[in-house]
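As structure tokens, the structure follows; a few thoughts come after it.
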Amino acid sequence: MSAGSMTLAQYSLEDPEDGVALHLQGDWTALALGDASRRLDVDLDGRKARTVDITALGRLDTAGALVLLRAMEENATVAGGEREDFAQLTTLVRPALEQPSPEKVRRTGLPAFFHRFGRQIVGIARDGYEMLVFTGEMMTALGRSLIHPSRLRVTPLVATMQEAGINSLPIVFMMTFFIGAVIALVGTNLLTTLGVGVFTVQLVGVAILREFGVVIAAILLAGRSASSFAAQIGSMRMNQETDAMQVMGVDRFDALVVPRILAALLMIPLMTFAADIGGIIGGLLVSWVTMDIHPIFFVQRMLDTVSITHFWIGMSKAPFLALVIAAAGCRHGLMVGGDVQSLGRQVTSAVVQSVFLVIMFDAIFAVIFMALDL
């Protein structure tokens, strides 16, 4: 029977002295019930049907059987012939009615606080475990692609490099340009009062090359690409395209995760370099305007006083931060359920988690480099 021939669930009640008789019409299925359950509850007004007439009953599923069982007495008489599906479905659903609903425990005060705190701890632990599982599968897929390069999908790799890296360069440049300008302004105001304003050049160089260049590039990658990865993969999850890929034997990590991870790894050094250039130019212009430090002198002093080590320290953090950002975006994309609310929640979580991890790992790297006296 096609969906177009579906008829809405209807009923009529007779109220003789020996008990209520319920006459069913149409299809009593999840799609055809409409507000029949609510109307039936109102019409019965707390009573139960002693007789159920299924002569005109169309299709029936578990949802319809549940509504009917709630409206029937336990030993109600079924009139209108024998329906095998009616007998089977009511037998299948009846235990659900007999099972008492768990009582809700209302917690207040200190127990409620510890209950929420405990649930959050369990949630963090579960998320950490799932992250470890995803990381293991991701590293396995990356190793598989390195051993067998033919598995690598070049087209999505190049497209993601264009979208996540090349298109981001102007934004990265402008953001760090203003940050470099602000650092130079702060350095000018502070160091000039101490009579060592020329050290603004070192301040700008070390701050941009060692920290701000790579961190700003990583945060921009998290804001643009992690959300984009989560939204793209999440949309495929909602449309069941990932399930179709699995049925066709296509590994979802090879097709969806590896190209995005490699694109982020290849593009973030370029983004970091553009950020370094933008920040230094911003600091140079502010120093020129406010302290009359000539650009040639600025560049020469930076080459003489700022070690190239700071540049390589910043660059060395970039691939690790890119790996963390891309993995967070892809993981949250694969966690999307079947509705739009889940997609929005996972996209937001991908960005928040990426930015949090960038800042946390940057702090860890700072401690490590300090311990190594770098």
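Labels used: A, B, ... for chains in the order of the structure tokens, numbers from 1 for residues in each chain, and numbers from 1 for ligands as shown.
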Need the shell around range 73-80 of chain A: protein/DNA/RNA residues with any atom at most 12 Å away, counting only C-alpha atoms. Skip same-chain ones fewer than 2 positions apart. Format as a PyMOL selection string? chain A and resi 19-25+44+46-57+68-71+82-83+86-87+90-91+94+97-98
Tell me, as an NGL selection string, which residues lie within 8 Å of Gly338 in chain A, counting only C-alpha atoms; anything in the same chain fewer than 2 positions away does not count. :A and (237-239 or 336 or 340 or 342)
Which residues come within 7 Å of Met161 in chain A, counting only C-alpha atoms, excluding same-chain residues fewer than 5 positions away, as a list in words? Ile166, Ala263 and Met267 of chain A
Hey, what does DSSP flag as strand (DSSP E) within range 61-127 of chain A? Can you give it to me as number ranges by chain? A: 72-79
Written file, previous selection with N, CA, C and O atoms, as an mmCIF file, in the first residue's frame:
```
data_model
loop_
_atom_site.group_PDB
_atom_site.id
_atom_site.type_symbol
_atom_site.label_atom_id
_atom_site.label_comp_id
_atom_site.auth_asym_id
_atom_site.auth_seq_id
_atom_site.Cartn_x
_atom_site.Cartn_y
_atom_site.Cartn_z
ATOM 1 N N MET A 72 -7.765 0.708 26.106
ATOM 2 C CA MET A 72 -8.536 -0.521 26.284
ATOM 3 C C MET A 72 -8.426 -1.037 27.715
ATOM 4 O O MET A 72 -7.402 -0.832 28.379
ATOM 5 N N GLU A 73 -9.503 -1.708 28.143
ATOM 6 C CA GLU A 73 -9.369 -2.462 29.384
ATOM 7 C C GLU A 73 -8.433 -3.649 29.144
ATOM 8 O O GLU A 73 -8.231 -4.087 28.015
ATOM 9 N N GLU A 74 -7.897 -4.197 30.230
ATOM 10 C CA GLU A 74 -6.911 -5.267 30.064
ATOM 11 C C GLU A 74 -7.511 -6.491 29.368
ATOM 12 O O GLU A 74 -6.851 -7.133 28.548
ATOM 13 N N ASN A 75 -8.735 -6.817 29.670
ATOM 14 C CA ASN A 75 -9.382 -7.991 29.062
ATOM 15 C C ASN A 75 -10.479 -7.552 28.100
ATOM 16 O O ASN A 75 -11.552 -8.157 28.039
ATOM 17 N N ALA A 76 -10.217 -6.493 27.351
ATOM 18 C CA ALA A 76 -11.221 -5.975 26.420
ATOM 19 C C ALA A 76 -11.507 -6.995 25.318
ATOM 20 O O ALA A 76 -10.639 -7.768 24.904
ATOM 21 N N THR A 77 -12.740 -6.952 24.843
ATOM 22 C CA THR A 77 -13.175 -7.858 23.769
ATOM 23 C C THR A 77 -12.886 -7.205 22.422
ATOM 24 O O THR A 77 -13.180 -6.024 22.215
ATOM 25 N N VAL A 78 -12.301 -7.975 21.526
ATOM 26 C CA VAL A 78 -11.993 -7.477 20.186
ATOM 27 C C VAL A 78 -13.037 -8.026 19.225
ATOM 28 O O VAL A 78 -13.176 -9.253 19.083
ATOM 29 N N ALA A 79 -13.762 -7.136 18.588
ATOM 30 C CA ALA A 79 -14.821 -7.531 17.662
ATOM 31 C C ALA A 79 -14.399 -7.190 16.241
ATOM 32 O O ALA A 79 -13.539 -6.348 16.010
#
```
Asp292 in chain A proximity check over A:Ala244, A:Val198, A:Ile313, A:Ile208, using only C-alpha atoms: winner is A:Val198
Which range 191-260 of chain A residues have any atom within 12 Å of an atom of range 365-373 of chain A, and for each, what is the nearest pair of atoms with distance in Å to one decimal, counting only C-alpha atoms, rows sorted by chain and number, as CSV?
```
residue,atom,partner,partner_atom,distance
A:Arg210,CA,A:Ala366,CA,9.5
A:Glu211,CA,A:Ala366,CA,8.9
A:Val215,CA,A:Phe365,CA,11.6
```
Could you save those same residues with N, CA and C atoms as a PDB file, in the first residue's frame?
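again04.pdb was written with the following content:
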```pdb
ATOM      1  N   ARG A 210      57.865  34.473  17.282  1.00  0.00           N
ATOM      2  CA  ARG A 210      57.842  33.346  18.206  1.00  0.00           C
ATOM      3  C   ARG A 210      56.417  32.939  18.598  1.00  0.00           C
ATOM      4  N   GLU A 211      55.517  33.903  18.793  1.00  0.00           N
ATOM      5  CA  GLU A 211      54.207  33.587  19.343  1.00  0.00           C
ATOM      6  C   GLU A 211      53.043  34.013  18.445  1.00  0.00           C
ATOM      7  N   VAL A 215      50.228  31.691  16.385  1.00  0.00           N
ATOM      8  CA  VAL A 215      48.970  31.571  17.140  1.00  0.00           C
ATOM      9  C   VAL A 215      47.811  32.209  16.369  1.00  0.00           C
TER      10      VAL A 215
END
```
Just asking: which residues within range 73-177 of chain A are helix (DSSP H, G or I) according to DSSP, as an MDAnalysis selection string? chainID A and resid 84:98 109:147 149:151 154:164 166:177
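Separating CA of Val257 in chain A from CA of Ser235 in chain A is a distance of 14.4 Å.
Shortest atom-to-atom contact with Thr29 in chain A among A:Arg144, A:Arg116, A:Arg260, A:Arg59: A:Arg59, counting only C-alpha atoms.
Shell of Gln353 in chain A at 9 Å, with only C-alpha atoms counted and residues fewer than 5 places along the chain excluded, is Ala222, Ile325, Ala328, Gly329, Thr348 and Val358 of chain A.
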Residues of the last selection are to be written out with all heavy atoms, as an mmCIF file, in the first residue's frame.
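Writing the result to result20.cif gives the following:
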```
data_model
loop_
_atom_site.group_PDB
_atom_site.id
_atom_site.type_symbol
_atom_site.label_atom_id
_atom_site.label_comp_id
_atom_site.auth_asym_id
_atom_site.auth_seq_id
_atom_site.Cartn_x
_atom_site.Cartn_y
_atom_site.Cartn_z
ATOM 1 N N ALA A 222 41.403 27.691 12.926
ATOM 2 C CA ALA A 222 40.358 27.073 13.749
ATOM 3 C C ALA A 222 38.993 27.702 13.461
ATOM 4 O O ALA A 222 37.985 26.999 13.367
ATOM 5 C CB ALA A 222 40.707 27.233 15.230
ATOM 6 N N ILE A 325 43.817 21.176 15.108
ATOM 7 C CA ILE A 325 42.642 21.901 14.608
ATOM 8 C C ILE A 325 41.853 21.060 13.605
ATOM 9 O O ILE A 325 40.632 20.914 13.699
ATOM 10 C CB ILE A 325 43.089 23.222 13.965
ATOM 11 C CG1 ILE A 325 43.676 24.155 15.025
ATOM 12 C CG2 ILE A 325 41.931 23.897 13.246
ATOM 13 C CD1 ILE A 325 44.458 25.311 14.444
ATOM 14 N N ALA A 328 40.084 18.116 15.287
ATOM 15 C CA ALA A 328 38.885 18.526 16.039
ATOM 16 C C ALA A 328 37.720 18.791 15.089
ATOM 17 O O ALA A 328 36.585 18.378 15.355
ATOM 18 C CB ALA A 328 39.190 19.768 16.876
ATOM 19 N N GLY A 329 37.981 19.479 13.975
ATOM 20 C CA GLY A 329 36.907 19.756 13.021
ATOM 21 C C GLY A 329 36.328 18.494 12.418
ATOM 22 O O GLY A 329 35.109 18.319 12.354
ATOM 23 N N THR A 348 29.876 24.461 16.496
ATOM 24 C CA THR A 348 30.299 25.362 17.575
ATOM 25 C C THR A 348 31.344 24.684 18.458
ATOM 26 O O THR A 348 32.357 25.300 18.831
ATOM 27 C CB THR A 348 29.085 25.776 18.416
ATOM 28 O OG1 THR A 348 28.112 26.370 17.567
ATOM 29 C CG2 THR A 348 29.487 26.762 19.494
ATOM 30 N N VAL A 358 44.502 25.141 20.841
ATOM 31 C CA VAL A 358 45.603 25.969 20.323
ATOM 32 C C VAL A 358 46.280 26.725 21.457
ATOM 33 O O VAL A 358 47.516 26.727 21.592
ATOM 34 C CB VAL A 358 45.073 26.937 19.247
ATOM 35 C CG1 VAL A 358 46.100 28.037 18.960
ATOM 36 C CG2 VAL A 358 44.753 26.187 17.969
#
```
Name all residues at most 10 Å from range 275-279 of chain A (count only C-alpha atoms; drop same-chain ones fewer than 5 positions away) and give them as a VMD selection string. chain A and resid 169 to 184 204 to 205 207 to 217 269 to 270 284 311 314
